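Undergrad: One structure follows; several queries about it will come next.
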Amino acid sequence: MNVRTPDPYPGWLSDEDLYEARQRLPMVYVEAVPVRLDALGYITEVGLLLQATPDGEIVRSFVSGRVMYRETIRAALLRHLEKDLGALALPQLPASPVPFTVAEYFPSPSETGLTDDRQHAVALAYLIPVTGECHPRQDALELTWMSPEDALGPAVQSEFIGGRGNLLRQALAHAGWCR
């Protein structure tokens with residue numbers, strides 16, 4: 001059973017071409033950690049997607065996806081946020097598309113601590129405030145809003161795969177959340 005969100009731009013790369021490209025080239029991604037802010041701009045909630053892997057494992061994840069050929073980073077962020085959270089999420093894109101980090105994923109363990117069995121990927125990672133109603137994407141079981149304390153707790157951290165729990169810690173530290 002295929003639960004992937006349908007590609008709104010079919011023809012970009014076939015599944016076979018994408019497989020071949022992933023074997024030869026690093027792929028460029030954007031990742032977004034949706035957050036809710038208080039009136040002073042402090043993070044009050046973090047939005048995490050709950051998904052099932054092809055093996056049936058339940059994992060936590062972020063909004064994520066490839067940057068397409070001739071697509072700006074801002075356009076890729078908006079496209080994936082709308083696809084993953086719904087058209088009424090009302091994300092607040094940053095004035096400058098500078099990520100809080102550049103995450104490097106490798107198909108096997110490496111010094112970065114981030115893995116993606118499919119490929120070598122470079123992801124520009126962002127904290128994105130969201131003010132609207134969110135409805136999780138087709139291949140997500142739910143979007144859970146939780147406090148930063150809960151998101152950093154051992155139970156939630158154990159649900160991340162490929163080192164993404166550390167990426168969440170880095171995102172919150174970047175925003176000054178170091179409690």
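Letters A, B, ... go to the chains of the structure tokens in the order shown; residues in each chain start at 1; ligands are counted from 1 in the same order.
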Using only C-alpha atoms, which residues sit within 10 Å of Glu45 (chain A) once same-chain residues fewer than 6 positions away are excluded, as a list in words?

TA: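 The residues that qualify are Pro34, Val35, Arg36, Leu37, Asp38, Pro129, Thr144, Trp145, Met146, Ser147, Pro148, Glu149, Asp150 and Ala151 of chain A.
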
Undergrad: Which residues come within 7 Å of region 87-93 of chain A, counting only C-alpha atoms, excluding same-chain residues fewer than 3 positions away, as a count of residues only?

TA: 8

Undergrad: In Å, rounded to a single decimal, give me how far CA of Phe160 (chain A) is from CA of Ser108 (chain A).

TA: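 Interatomic distance, CA of Ser108 (chain A) to CA of Phe160 (chain A): 16.4 Å.
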
Undergrad: Please list as a list in words every residue within 10 Å of Glu159 (chain A), counting only C-alpha atoms and excluding residues in the same chain fewer than 5 positions away.

TA: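 Selected residues are Leu50, Gln51, Glu57, Ile58, Val59, Arg60, Ser61, Pro154, Arg164 and Gly165 of chain A.
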
Undergrad: Between A:Gln138, A:Thr44, A:Ser110, A:Thr72, which is the closest to Val28 (chain A) once you count only C-alpha atoms?

TA: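 Going through A:Gln138, A:Thr44, A:Ser110, A:Thr72 one by one, the smallest distance to Val28 (chain A) is for A:Thr72.
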
Undergrad: Mind the document's chain letters and residue numbers, and return as number ranges by chain the residues of chain A that DSSP labels strand (DSSP E or B).

TA: A: 27-37, 43-52, 58-61, 63-66, 91, 101-106, 115, 121-130, 140-146, 160

Undergrad: Quick one: of A:Ala32, A:Ile161, A:Leu78, A:Leu152, who's nearest to Asp116 (chain A), counting only C-alpha atoms?

TA: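 Closest residue, counting only C-alpha atoms: A:Ile161.
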
Undergrad: In Å, rounded to a single decimal, give me how far CA of Leu127 (chain A) is from CA of Pro94 (chain A).

TA: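 So the two atoms, CA of Pro94 (chain A) and CA of Leu127 (chain A), lie 8.8 Å apart.
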
Undergrad: Which of these, A:Pro99, A:Pro136, A:Pro26, A:Pro107, has the shortest distance to Ala171 (chain A) once you count only C-alpha atoms?

TA: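 Result for the nearest residue to Ala171 (chain A): A:Pro99.
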